[in-house]
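**Q** Hey, dropping structure.cif in here, mmCIF, C-alpha atoms:
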```
data_data
loop_
_atom_site.label_atom_id
_atom_site.label_comp_id
_atom_site.auth_asym_id
_atom_site.auth_seq_id
_atom_site.Cartn_x
_atom_site.Cartn_y
_atom_site.Cartn_z
CA MET M 612 -32.83 19.33 35.05
CA THR M 613 -29.85 21.25 33.73
CA PRO M 614 -26.84 19.38 32.34
CA ALA M 615 -24.86 20.28 35.47
CA GLU M 616 -27.58 18.94 37.75
CA ASP M 617 -27.82 15.88 35.55
CA PHE M 618 -24.10 15.30 35.91
CA ASP M 619 -24.22 15.79 39.68
CA GLU M 620 -27.02 13.26 39.94
CA PHE M 621 -24.99 10.80 37.86
CA VAL M 622 -22.00 11.18 40.17
CA ARG M 623 -24.18 10.73 43.26
CA ALA M 624 -25.61 7.54 41.79
CA THR M 625 -22.33 6.02 40.63
CA GLY M 626 -19.57 7.60 42.72
CA THR M 627 -19.22 5.06 45.52
CA ARG M 628 -19.30 2.13 43.15
CA LEU M 629 -16.70 3.71 40.89
CA LEU M 630 -14.43 4.50 43.83
CA ARG M 631 -14.67 0.90 44.97
CA THR M 632 -13.70 -0.27 41.49
CA ALA M 633 -10.79 2.13 41.50
CA THR M 634 -9.72 0.83 44.93
CA LEU M 635 -9.77 -2.76 43.71
CA LEU M 636 -7.75 -1.76 40.66
CA CYS M 637 -4.98 0.11 42.39
CA GLY M 638 -5.15 -0.94 46.05
CA ASP M 639 -4.25 2.56 47.23
CA PRO M 640 -7.08 4.68 48.67
CA HIS M 641 -5.47 8.01 47.76
CA LEU M 642 -4.69 6.95 44.21
CA ALA M 643 -8.18 5.50 43.92
CA GLU M 644 -9.67 8.87 44.84
CA ASP M 645 -7.49 10.65 42.32
CA LEU M 646 -8.36 8.17 39.57
CA THR M 647 -12.04 8.57 40.34
CA GLN M 648 -11.86 12.36 40.28
CA THR M 649 -9.92 12.29 37.02
CA THR M 650 -12.46 9.94 35.51
CA TYR M 651 -15.42 12.13 36.36
CA ALA M 652 -13.56 15.21 35.13
CA LYS M 653 -13.09 13.52 31.77
CA VAL M 654 -16.72 12.44 31.75
CA TYR M 655 -17.81 16.00 32.54
CA VAL M 656 -15.85 17.35 29.58
CA ASN M 657 -17.77 15.04 27.27
CA TRP M 658 -21.03 15.07 29.20
CA ARG M 659 -23.17 15.85 26.16
CA LYS M 660 -21.85 12.77 24.41
CA VAL M 661 -21.96 10.60 27.50
CA THR M 662 -25.65 11.27 28.08
CA ARG M 663 -26.35 10.14 24.53
CA ALA M 664 -24.36 6.91 24.93
CA ASP M 665 -26.22 3.64 25.33
CA ASN M 666 -24.66 3.04 28.72
CA PRO M 667 -23.11 6.05 30.50
CA VAL M 668 -22.06 3.85 33.42
CA ALA M 669 -20.14 1.52 31.12
CA TYR M 670 -18.55 4.52 29.40
CA THR M 671 -17.42 5.90 32.75
CA ARG M 672 -16.07 2.54 33.86
CA ALA M 673 -14.06 2.28 30.64
CA VAL M 674 -12.60 5.75 31.23
CA LEU M 675 -11.59 4.71 34.75
CA VAL M 676 -9.87 1.52 33.64
CA ARG M 677 -8.00 3.25 30.84
CA THR M 678 -6.98 6.09 33.14
CA TYR M 679 -5.67 3.55 35.63
CA LEU M 680 -3.71 1.58 33.02
CA SER M 681 -2.30 4.77 31.56
CA HIS M 682 -1.20 5.85 35.03
CA ARG M 683 0.45 2.50 35.64
CA ARG M 684 2.29 2.61 32.31
CA ARG M 685 3.77 5.94 33.29
CA ARG M 686 4.92 4.49 36.60
CA SER M 687 6.05 1.13 35.25
CA ALA M 688 9.68 1.75 36.21
CA SER M 689 8.82 1.51 39.90
CA GLU M 690 6.87 -1.73 39.63
CA ILE M 691 8.47 -5.09 40.26
CA PRO M 692 7.78 -7.30 37.24
CA ILE M 693 5.56 -10.17 38.30
CA ASP M 694 7.90 -12.71 36.75
CA ALA M 695 10.67 -11.52 39.03
CA ALA M 696 8.57 -11.60 42.20
CA PRO M 697 9.03 -14.73 44.29
CA GLU M 698 5.99 -16.92 44.56
CA THR M 699 4.90 -17.86 48.02
CA PRO M 700 4.82 -21.68 48.11
CA GLY M 701 1.82 -23.22 49.79
CA VAL M 702 -0.08 -21.65 52.64
CA PRO M 703 1.71 -19.79 55.41
CA ASP M 704 1.22 -21.39 58.78
CA ASP M 705 0.87 -18.04 60.50
CA ALA M 706 -2.48 -16.44 59.60
CA SER M 707 -1.05 -13.01 60.23
CA LEU M 708 1.24 -13.55 57.26
CA ARG M 709 -1.67 -14.29 54.97
CA LEU M 710 -2.18 -11.37 52.66
CA ASP M 711 -5.60 -9.79 52.25
CA LEU M 712 -7.14 -9.44 48.82
CA LEU M 713 -5.88 -5.96 48.01
CA ALA M 714 -2.34 -6.83 49.01
CA ALA M 715 -2.52 -10.06 46.99
CA MET M 716 -3.83 -8.21 43.95
CA ALA M 717 -1.06 -5.66 44.30
CA LEU M 718 1.39 -8.40 43.37
CA LEU M 719 -0.31 -8.85 39.99
CA PRO M 720 0.52 -6.90 36.83
CA PRO M 721 -1.92 -3.99 36.29
CA ALA M 722 -3.49 -5.56 33.21
CA ASP M 723 -4.18 -8.80 35.11
CA ARG M 724 -5.72 -6.83 37.96
CA ALA M 725 -7.94 -5.04 35.49
CA VAL M 726 -9.12 -8.35 34.03
CA LEU M 727 -10.04 -9.71 37.48
CA VAL M 728 -11.85 -6.53 38.53
CA LEU M 729 -13.84 -6.34 35.30
CA ARG M 730 -14.69 -10.05 35.26
CA TYR M 731 -15.39 -10.72 38.93
CA TRP M 732 -16.34 -7.34 40.43
CA GLU M 733 -18.04 -5.68 37.48
CA ASP M 734 -19.37 -9.06 36.21
CA LEU M 735 -18.44 -8.33 32.61
CA SER M 736 -18.23 -11.20 30.16
CA VAL M 737 -14.96 -12.32 28.62
CA ALA M 738 -15.98 -10.57 25.38
CA GLN M 739 -16.88 -7.32 27.15
CA THR M 740 -13.68 -7.36 29.19
CA ALA M 741 -11.51 -8.08 26.17
CA ASP M 742 -13.20 -5.33 24.18
CA LEU M 743 -12.71 -2.75 26.91
CA LEU M 744 -9.05 -3.64 27.35
CA GLY M 745 -8.37 -3.96 23.65
CA ILE M 746 -7.13 -7.55 23.91
CA LYS M 747 -8.17 -10.88 22.42
CA GLU M 748 -10.65 -13.04 24.30
CA THR M 749 -8.07 -15.82 24.51
CA THR M 750 -5.63 -13.39 26.09
CA CYS M 751 -8.32 -12.27 28.51
CA ARG M 752 -9.03 -15.85 29.60
CA ALA M 753 -5.33 -16.62 29.97
CA ARG M 754 -4.75 -13.54 32.09
CA ALA M 755 -7.70 -14.31 34.33
CA SER M 756 -6.57 -17.89 34.80
CA ARG M 757 -3.01 -16.89 35.59
CA ALA M 758 -4.08 -14.15 37.96
CA LEU M 759 -6.48 -16.45 39.83
CA ALA M 760 -3.73 -19.05 40.22
CA ARG M 761 -1.43 -16.46 41.73
CA LEU M 762 -4.13 -15.14 44.05
CA ARG M 763 -4.80 -18.66 45.30
CA THR M 764 -1.24 -18.89 46.58
CA GLN M 765 -2.21 -16.12 49.02
CA LEU M 766 -5.92 -16.90 49.38
CA PRO M 767 -6.18 -20.68 49.31
CA ASP M 768 -9.95 -20.72 49.80
CA LEU M 769 -10.48 -18.58 46.73
CA GLU M 770 -13.12 -19.67 44.25
CA ALA M 771 -13.75 -17.91 40.95
CA MET D 62 -15.14 -18.05 49.25
CA LYS D 63 -15.79 -16.53 45.84
CA LEU D 64 -13.57 -13.80 44.49
CA HIS D 65 -16.54 -11.45 44.18
CA GLU D 66 -17.21 -11.91 47.91
CA HIS D 67 -13.56 -11.22 48.72
CA MET D 68 -13.76 -8.06 46.63
CA SER D 69 -16.97 -6.93 48.30
CA ASP D 70 -15.41 -7.41 51.72
CA ALA D 71 -12.27 -5.54 50.68
CA VAL D 72 -14.16 -2.39 49.67
CA ALA D 73 -17.19 -2.57 51.94
CA ASP D 74 -16.07 0.46 53.94
CA VAL D 75 -15.09 2.54 50.90
CA HIS D 76 -17.45 5.47 50.44
CA THR D 77 -17.13 8.70 48.57
CA ASN D 78 -18.04 12.26 49.47
CA THR D 79 -20.15 12.89 46.39
CA GLU D 80 -20.38 16.61 47.00
CA THR D 81 -16.62 16.97 46.91
CA LEU D 82 -16.40 14.58 43.98
CA THR D 83 -18.89 16.47 41.82
CA ARG D 84 -17.34 19.82 42.62
CA THR D 85 -13.83 18.60 41.85
CA ALA D 86 -14.92 16.87 38.66
CA ARG D 87 -16.71 19.95 37.37
CA ASP D 88 -13.80 22.21 38.27
CA ARG D 89 -11.23 20.02 36.56
CA GLY D 90 -13.50 19.23 33.64
CA GLY D 91 -14.28 22.89 33.20
CA ARG D 92 -10.56 23.70 33.09
CA ILE D 93 -10.01 21.05 30.43
CA ARG D 94 -12.83 22.52 28.37
CA ARG D 95 -11.46 26.03 28.66
CA GLN D 96 -8.00 24.83 27.71
CA ARG D 97 -9.37 23.14 24.62
CA ARG D 98 -11.29 26.19 23.54
CA LEU D 99 -8.42 28.57 24.11
CA GLY D 100 -6.23 26.11 22.27
CA THR D 101 -8.40 26.71 19.22
CA ILE D 102 -8.76 30.46 19.40
CA GLY D 103 -6.51 31.66 22.20
CA GLY D 104 -2.80 32.25 22.61
CA VAL D 105 -2.13 29.22 24.85
CA ALA D 106 -0.46 26.53 22.81
CA ALA D 107 -0.31 23.86 25.49
CA VAL D 108 -3.63 22.18 24.67
CA GLY D 109 -2.88 19.05 22.63
CA ILE D 110 0.36 18.41 20.81
CA LEU D 111 0.25 17.86 17.12
CA ALA D 112 2.60 17.08 14.32
CA PHE D 113 2.05 16.55 10.67
CA GLY D 114 1.15 13.35 8.97
CA ILE D 115 -1.74 11.46 7.56
CA ALA D 116 -4.64 11.58 10.02
CA THR D 117 -7.48 9.19 10.62
CA ALA D 118 -11.05 10.32 11.18
CA ILE D 119 -13.18 9.12 14.09
CA PRO D 120 -15.60 6.27 13.30
CA GLY D 121 -18.72 7.41 11.54
CA ASN D 122 -17.11 10.53 10.19
CA ASP D 123 -15.28 11.07 6.97
CA PRO D 124 -12.48 8.57 6.41
CA ALA D 125 -8.82 9.36 5.98
CA PRO D 126 -7.90 12.77 4.62
CA SER D 127 -6.53 13.62 1.18
CA GLN D 128 -9.79 14.70 -0.35
CA GLU D 129 -9.82 17.19 -3.19
CA PRO D 130 -6.92 19.56 -2.56
CA PHE D 131 -8.17 22.95 -1.50
CA ALA D 132 -7.99 25.28 -4.46
CA SER D 133 -6.22 28.30 -3.09
CA GLY D 134 -3.48 26.51 -1.15
CA GLY D 135 -3.81 28.71 1.88
CA PRO D 136 -1.72 31.57 3.24
CA ALA D 137 1.46 32.65 1.50
CA ALA D 138 4.19 34.87 2.93
CA PRO D 139 2.86 38.45 2.67
CA GLU D 140 4.55 40.82 0.28
CA GLY D 141 5.17 44.54 0.72
CA GLU D 142 5.75 46.33 4.01
CA THR D 143 4.98 44.08 6.96
CA VAL D 144 4.91 44.44 10.73
CA PRO D 145 5.27 41.85 13.51
CA ILE D 146 1.93 40.45 14.65
CA ASP D 147 0.33 41.61 17.86
CA GLY D 148 -3.16 41.42 19.30
CA ARG D 149 -4.49 44.49 17.51
CA SER D 150 -3.09 43.67 14.10
CA THR D 151 -4.30 40.08 14.42
CA THR D 152 -7.79 41.29 15.30
CA ALA D 153 -7.80 43.79 12.45
CA ALA D 154 -6.64 41.16 9.96
CA LEU D 155 -9.30 38.76 11.23
CA ARG D 156 -11.95 41.43 10.79
CA ALA D 157 -10.79 42.04 7.24
CA ALA D 158 -10.84 38.34 6.45
CA VAL D 159 -14.34 37.96 7.89
CA LEU D 160 -15.74 40.94 6.01
CA GLU D 161 -14.47 39.43 2.78
CA VAL D 162 -16.79 36.46 3.26
CA MET D 163 -19.83 38.22 4.72
CA ASP D 164 -21.35 41.58 5.51
CA GLY D 165 -21.95 42.44 9.12
CA ASP D 166 -21.22 44.64 12.09
CA THR D 167 -18.25 43.99 14.35
CA THR D 168 -17.58 45.26 17.85
CA ALA D 169 -16.17 44.30 21.28
CA TYR D 170 -12.65 43.65 20.01
CA ALA D 171 -10.04 41.91 22.12
CA GLY D 172 -6.66 40.41 21.51
CA GLN D 173 -3.53 39.01 23.02
CA ASP D 174 0.01 40.08 22.28
CA ASP D 175 2.03 37.84 24.52
CA ASP D 176 0.70 34.46 25.56
CA GLY D 177 2.74 33.95 28.68
CA GLY D 178 6.07 33.34 27.01
CA LEU D 179 4.84 31.19 24.17
CA GLU D 180 4.80 32.75 20.73
CA GLY D 181 1.50 33.46 19.10
CA THR D 182 -1.32 35.94 19.16
CA TYR D 183 -5.06 35.88 19.03
CA GLY D 184 -7.83 38.24 18.11
CA VAL D 185 -11.55 38.01 18.82
CA PHE D 186 -14.66 40.12 18.31
CA GLU D 187 -18.42 40.06 18.26
CA LEU D 188 -20.03 39.72 14.83
CA THR D 189 -23.64 40.44 13.85
CA PRO D 190 -24.32 39.29 10.27
CA ALA D 191 -26.15 41.73 8.04
CA SER D 192 -28.33 38.83 6.88
CA GLY D 193 -30.02 38.76 10.28
CA GLY D 194 -30.02 36.89 13.53
CA GLY D 195 -28.20 37.60 16.77
CA PRO D 196 -24.47 38.12 17.30
CA GLY D 197 -21.81 35.52 17.84
CA VAL D 198 -18.10 35.47 18.57
CA VAL D 199 -15.35 35.02 15.99
CA GLY D 200 -11.81 34.33 17.11
CA LEU D 201 -8.48 33.50 15.50
CA ASN D 202 -5.16 32.27 16.83
CA ILE D 203 -1.78 32.38 15.08
CA GLN D 204 0.84 30.03 16.47
CA HIS D 205 4.08 28.35 15.55
CA ALA D 206 3.18 24.84 14.44
CA SER D 207 6.54 23.56 15.71
CA MET D 208 5.42 23.91 19.34
CA LEU D 209 2.73 21.32 18.66
CA GLU D 210 4.92 18.30 18.24
CA GLY D 211 4.08 14.66 18.72
CA ASP D 212 0.84 13.01 17.68
CA PRO D 213 -0.18 13.17 14.06
CA ILE D 214 -2.98 15.54 13.25
CA LYS D 215 -6.20 13.62 13.43
CA CYS D 216 -9.84 13.89 14.23
CA ARG D 217 -10.22 13.58 18.01
CA HIS D 218 -13.19 11.85 19.58
CA TRP D 219 -14.62 15.17 20.70
CA MET D 220 -14.51 16.74 17.22
CA PHE D 221 -17.88 16.33 15.52
CA ASP D 222 -18.14 16.15 11.72
CA CYS D 223 -14.37 16.36 11.54
CA THR D 224 -12.60 16.52 8.17
CA ILE D 225 -8.95 16.83 7.22
CA GLN D 226 -7.78 17.93 3.78
CA ASP D 227 -4.38 18.09 2.15
CA LEU D 228 -3.43 21.48 0.80
CA PRO D 229 -0.76 22.31 -1.78
CA GLY D 230 2.70 22.59 -0.31
CA GLY D 231 2.16 19.92 2.32
CA ALA D 232 -0.19 21.95 4.50
CA LEU D 233 -3.31 20.53 6.14
CA LEU D 234 -6.76 21.91 6.76
CA ARG D 235 -8.89 20.53 9.59
CA THR D 236 -12.50 21.49 10.27
CA TYR D 237 -14.92 20.33 12.95
CA SER D 238 -17.73 21.27 15.30
CA GLU D 239 -17.45 21.07 19.04
CA PRO D 240 -20.12 19.06 20.91
CA PRO D 241 -23.07 21.44 21.40
CA GLU D 242 -23.73 22.69 24.90
CA GLN D 243 -27.41 22.23 25.69
CA THR D 244 -28.90 25.13 27.60
CA THR D 245 -32.39 26.26 28.44
CA ASN D 246 -32.43 28.67 25.48
CA GLY D 247 -30.89 26.40 22.85
CA ASP D 248 -27.66 24.63 21.97
CA GLY D 249 -24.43 26.61 22.20
CA GLN D 250 -22.35 25.78 19.14
CA ARG D 251 -18.80 26.42 18.02
CA VAL D 252 -17.32 25.54 14.62
CA VAL D 253 -13.58 25.50 13.96
CA ALA D 254 -11.23 25.59 10.97
CA GLU D 255 -7.48 25.08 11.32
CA TYR D 256 -4.65 25.58 8.85
CA PHE D 257 -1.30 23.86 9.50
CA SER D 258 1.94 24.27 7.58
CA ILE D 259 5.08 22.59 8.86
CA GLN D 260 7.07 24.20 6.06
CA ARG D 261 6.11 27.65 7.25
CA ASP D 262 5.89 26.61 10.92
CA LEU D 263 2.45 28.16 10.98
CA ARG D 264 -0.85 27.25 12.57
CA VAL D 265 -3.91 29.43 12.01
CA VAL D 266 -7.10 28.42 13.78
CA ALA D 267 -10.42 30.25 13.66
CA SER D 268 -13.76 29.61 15.29
CA ALA D 269 -17.27 31.02 15.28
CA THR D 270 -20.16 30.63 17.70
CA ASN D 271 -23.91 31.14 17.79
CA GLY D 272 -23.82 33.23 20.93
CA PHE D 273 -21.67 33.77 23.97
CA ASP D 274 -19.91 31.01 25.90
CA LEU D 275 -20.23 32.10 29.51
CA SER D 276 -18.63 30.47 32.54
CA GLY D 277 -19.28 26.83 33.41
CA ASP D 278 -21.96 25.27 31.23
CA ALA D 279 -23.79 28.54 30.59
CA TRP D 280 -24.28 29.96 27.11
CA ASP D 281 -26.15 32.98 25.89
CA VAL D 282 -27.46 31.52 22.64
CA THR D 283 -28.54 34.27 20.24
CA ARG D 284 -29.16 32.39 16.99
CA GLU D 285 -29.56 28.90 15.57
CA GLU D 286 -26.32 28.62 13.65
CA PRO D 287 -22.84 30.06 14.29
CA VAL D 288 -22.29 33.46 12.72
CA LEU D 289 -19.84 31.94 10.23
CA SER D 290 -20.16 28.60 8.50
CA ILE D 291 -17.33 26.08 8.25
CA ASP D 292 -16.82 27.08 4.61
CA GLN D 293 -16.53 30.72 5.58
CA LEU D 294 -14.06 29.90 8.36
CA VAL D 295 -11.99 27.96 5.83
CA GLU D 296 -11.81 31.07 3.69
CA VAL D 297 -10.70 33.03 6.75
CA VAL D 298 -7.86 30.71 7.81
CA THR D 299 -6.59 30.26 4.25
CA GLN D 300 -6.44 34.02 3.70
CA GLU D 301 -3.13 34.79 2.02
CA TRP D 302 -1.81 37.25 4.56
CA TRP D 303 -1.58 35.08 7.67
CA ASP D 304 1.97 34.92 8.97
CA PHE D 305 4.03 36.17 11.90
CA ARG D 306 4.40 39.44 10.03
CA LEU D 307 1.24 41.03 8.68
CA PRO D 308 0.75 43.73 6.06
CA ALA D 309 1.40 47.11 7.68
CA ARG D 310 -2.16 48.28 7.06
CA PHE D 311 -3.38 45.90 9.74
CA ALA D 312 -1.24 47.65 12.34
CA GLU D 313 -2.91 50.92 11.35
CA GLU D 314 -6.39 49.41 11.32
CA GLY D 315 -5.71 47.65 14.59
CA ALA D 316 -4.75 50.91 16.27
CA GLU D 317 -8.18 52.27 15.41
CA LEU D 318 -10.22 49.36 16.73
CA SER D 319 -12.58 50.46 19.46
CA PRO D 320 -13.61 49.28 21.94
CA TYR D 321 -10.53 47.06 22.25
CA GLN D 322 -9.38 45.08 25.26
CA ASP D 323 -5.92 43.68 25.65
CA VAL D 324 -6.23 40.25 27.27
CA PRO D 325 -3.06 39.12 28.99
CA VAL D 326 -2.90 35.39 29.69
CA LYS D 327 -0.45 33.65 31.93
CA LEU D 328 0.09 29.94 31.59
CA ILE D 329 0.74 28.07 34.81
CA MET D 330 1.91 24.48 34.69
CA THR D 331 0.30 22.43 37.46
CA SER D 332 0.36 18.76 38.30
CA ALA D 333 -3.03 18.47 36.61
CA GLY D 334 -1.70 20.05 33.44
CA PRO D 335 -1.63 23.57 32.01
CA GLU D 336 -3.90 26.07 33.69
CA LEU D 337 -4.79 29.62 32.78
CA ARG D 338 -4.68 32.28 35.44
#
```
Take the structure in the file and write it out as structure tokens.
**A**
Amino acid sequence: MTPAEDFDEFVRATGTRLLRTATLLCGDPHLAEDLTQTTYAKVYVNWRKVTRADNPVAYTRAVLVRTYLSHRRRRSASEIPIDAAPETPGVPDDASLRLDLLAAMALLPPADRAVLVLRYWEDLSVAQTADLLGIKETTCRARASRALARLRTQLPDLEA
Amino acid sequence: MKLHEHMSDAVADVHTNTETLTRTARDRGGRIRRQRRLGTIGGVAAVGILAFGIATAIPGNDPAPSQEPFASGGPAAPEGETVPIDGRSTTAALRAAVLEVMDGDTTAYAGQDDDGGLEGTYGVFELTPASGGGPGVVGLNIQHASMLEGDPIKCRHWMFDCTIQDLPGGALLRTYSEPPEQTTNGDGQRVVAEYFSIQRDLRVVASATNGFDLSGDAWDVTREEPVLSIDQLVEVVTQEWWDFRLPARFAEEGAELSPYQDVPVKLIMTSAGPELR
């Protein structure tokens, strides 16, 4: 198999999963597609190295998350700081007002979203998540706890 | 309901068109690769932005720079009658620098006078060492270092065996190998040496290959090692005559180069970054 065929096979095997991760991270299907394409483009550039890595899937996931966070940093001026966003007290009586998961996660800071996606979608450990994000494990736990608490205001039946 | 279940439900109907995804990824990745390569030997200065400072090496490679200062100190402003650089004079000067470090035959010359509005030239040719083995490609780019502003010069994650040395006068010398491209007839390899002087606003970067880098992932590998070693490339980029005006003899020698192809390059800025057309 040539390197190009090898890469194509890798994308076929991992593409849907990576797009789903991107969707959970950003909540926007178009942005998720762009992030996924950008990630695979970066992986393709370094394909020789990636194939020699212990875990090419983990490498690709790390590229996606960092690409997403970098994108969010560049757009940070348009984002409402979470501290300034009003919390929704209790559970809305009208079910139609209850936000779905993506909308609820969109209210979280990007770094908190990344922690939740890595911990609860990708099933990474606290140590793995902290390492990927370049934060302390205590910070990782605190962010996850805070983010879960905020999600529960929108999704009261949520369990971690 | 567990968060993982919520997440699964939220993206259950998300699917990708893998054919489109692979094609797009390879197109964009291929452009990035070409931009990087032309940033080392070509006249497009938009790949990477660099400034001067102490650099750090990637893990596993040599540590921070400031090894033994390079003896010769690198290029100095040329004396005597000089002419402005262009593609032909750059190529002729490169040929002269190469033939000072090895014997061989050179042909298939090409160069660039005007890199789409950005200052700088490049020259490139095919070299077959007299010591044996197949031909490879040697290229050199002269640019203003001031257009590469921002990040300190350092060893990037894609630079294998990267080293950075201090040179007299505050200049820096960086050398590295690009990740080899595995093909059915061997690994395509490119080695690079770069000279930077903020004082002289000068960047000279040279590279050598062990064959021909074709489109996409294809290489025509003709030999095991690049036609010039890193040490030889260092001698080339630290040749005393490199500047934006070259000794007049290189204009004369450049006029006689044959076959010679002028390679115009136009830089287009797109939303995905700089692109060559």
**Q** Residues of chain M no more than 7 Å from chain D, counting all atoms listed in the file: send them over as a list in words.
**A** Asp619, Val622, Arg623, Gly626, Thr627, Leu630, Arg631, Gln648, Thr649, Tyr651, Ala652, Lys653, Tyr655, Val656, Arg659, Leu712, Leu713, Tyr731, Trp732, Asp768, Leu769, Glu770 and Ala771 of chain M
**Q** At what distance in Å, to one decimal, does atom CA of D:Arg156 lie from atom CA of D:Glu314?
**A**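 Between atom CA of D:Glu314 and atom CA of D:Arg156 the gap is 9.7 Å.
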**Q** Report the residues retrieved by the PyMOL selection byres ((chain D and resi 294) around 12) from the displayed file, expressed as JSON, numbers by chain.
**A** {"D": [155, 156, 158, 159, 160, 161, 162, 163, 199, 200, 201, 234, 235, 236, 237, 238, 251, 252, 253, 254, 255, 256, 265, 266, 267, 268, 269, 270, 287, 288, 289, 290, 291, 292, 293, 295, 296, 297, 298, 299, 300]}
**Q** Name the residues that the PyMOL selection byres ((chain D and resi 204) around 7) picks from the file above, as a list of chain:residue names, using the file's chain letters and numbers.
**A**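 That selection, the PyMOL selection byres ((chain D and resi 204) around 7), comes back as D:Glu180, D:Gly181, D:Thr182, D:Asn202, D:Ile203, D:His205, D:Ala206, D:Leu263, D:Arg264, D:Val265.
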**Q** Include C-alpha atoms and write out the residues we just selected as an mmCIF file, keeping the file's coordinate frame.
**A**
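Written output follows (result.cif):
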```cif
data_model
loop_
_atom_site.group_PDB
_atom_site.id
_atom_site.type_symbol
_atom_site.label_atom_id
_atom_site.label_comp_id
_atom_site.auth_asym_id
_atom_site.auth_seq_id
_atom_site.Cartn_x
_atom_site.Cartn_y
_atom_site.Cartn_z
ATOM 1 C CA GLU D 180 4.800 32.750 20.730
ATOM 2 C CA GLY D 181 1.500 33.460 19.100
ATOM 3 C CA THR D 182 -1.320 35.940 19.160
ATOM 4 C CA ASN D 202 -5.160 32.270 16.830
ATOM 5 C CA ILE D 203 -1.780 32.380 15.080
ATOM 6 C CA HIS D 205 4.080 28.350 15.550
ATOM 7 C CA ALA D 206 3.180 24.840 14.440
ATOM 8 C CA LEU D 263 2.450 28.160 10.980
ATOM 9 C CA ARG D 264 -0.850 27.250 12.570
ATOM 10 C CA VAL D 265 -3.910 29.430 12.010
#
```
**Q** Within 7 Å of (-10.4, 47.6, 22.3), in the coordinates the file gives, what residues turn up when you count only C-alpha atoms, written out as a PDB file with C-alpha atoms, in the coordinates of the input?
**A**
```
ATOM      1  CA  ALA D 169     -16.170  44.300  21.280  1.00  0.00           C
ATOM      2  CA  TYR D 170     -12.650  43.650  20.010  1.00  0.00           C
ATOM      3  CA  ALA D 171     -10.040  41.910  22.120  1.00  0.00           C
ATOM      4  CA  LEU D 318     -10.220  49.360  16.730  1.00  0.00           C
ATOM      5  CA  SER D 319     -12.580  50.460  19.460  1.00  0.00           C
ATOM      6  CA  PRO D 320     -13.610  49.280  21.940  1.00  0.00           C
ATOM      7  CA  TYR D 321     -10.530  47.060  22.250  1.00  0.00           C
ATOM      8  CA  GLN D 322      -9.380  45.080  25.260  1.00  0.00           C
ATOM      9  CA  ASP D 323      -5.920  43.680  25.650  1.00  0.00           C
TER      10      ASP D 323
END
```
**Q** So what does the PyMOL selection byres ((chain M and resi 740-753) around 10) actually pick up in this one, as a list in words?
**A**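 Checked against the file, the PyMOL selection byres ((chain M and resi 740-753) around 10) matches Ala669, Tyr670, Arg672, Ala673, Val674, Val676, Arg677, Leu680, Ala722, Asp723, Ala725, Val726, Leu727, Val728, Leu729, Arg730, Glu733, Asp734, Leu735, Ser736, Val737, Ala738, Gln739, Arg754, Ala755, Ser756, Arg757, Ala758 and Leu759 of chain M.
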**Q** Atom CA of M:Thr634 and atom CA of M:Tyr679 are how many Å apart?
**A**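 Answer for the atom CA of M:Thr634 to atom CA of M:Tyr679 separation: 10.5 Å.
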**Q** Please write as a list in words the list of polymer residues whose atoms come within 7 Å of (-23.1, 37.0, 20.4), counting all atoms listed in the file and keeping to the coordinates of the file.
**A**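 With a cut-off of 7 Å, the residues come to Glu187, Leu188, Gly195, Pro196, Gly197, Val198, Asn271, Gly272, Phe273 and Thr283 of chain D.
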**Q** What does the distance from atom CA of D:Asp262 to atom CA of D:Glu239 come to in Å, to one decimal?
**A**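 Distance between the two atoms: 25.3 Å.
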**Q** Give the answer as one residue: which of D:Pro308, D:Phe257, D:Pro190, D:Gln250 has the shortest atom-to-atom distance to D:Gly231, using all atoms listed in the file?
**A**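 Residue with the minimum atom-to-atom distance to D:Gly231: D:Phe257.
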**Q** If we count only C-alpha atoms and set the cut-off at 9 Å, which residues sit around D:Ser192, ignoring sequence neighbours fewer than 3 positions away in its own chain? Please answer as a PDB file with C-alpha atoms, in the coordinates of the input.
**A**
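Result file is selection_38.pdb:
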```pdb
ATOM      1  CA  MET D 163     -19.830  38.220   4.720  1.00  0.00           C
ATOM      2  CA  ASP D 164     -21.350  41.580   5.510  1.00  0.00           C
ATOM      3  CA  GLY D 165     -21.950  42.440   9.120  1.00  0.00           C
ATOM      4  CA  THR D 189     -23.640  40.440  13.850  1.00  0.00           C
TER       5      THR D 189
END
```
**Q** Ranking D:Asp147, D:Glu142, D:Asp227, D:Asp248 by minimum distance to D:Arg284 and counting only C-alpha atoms, which one comes first?
**A**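 Smallest distance to D:Arg284 is found for D:Asp248.
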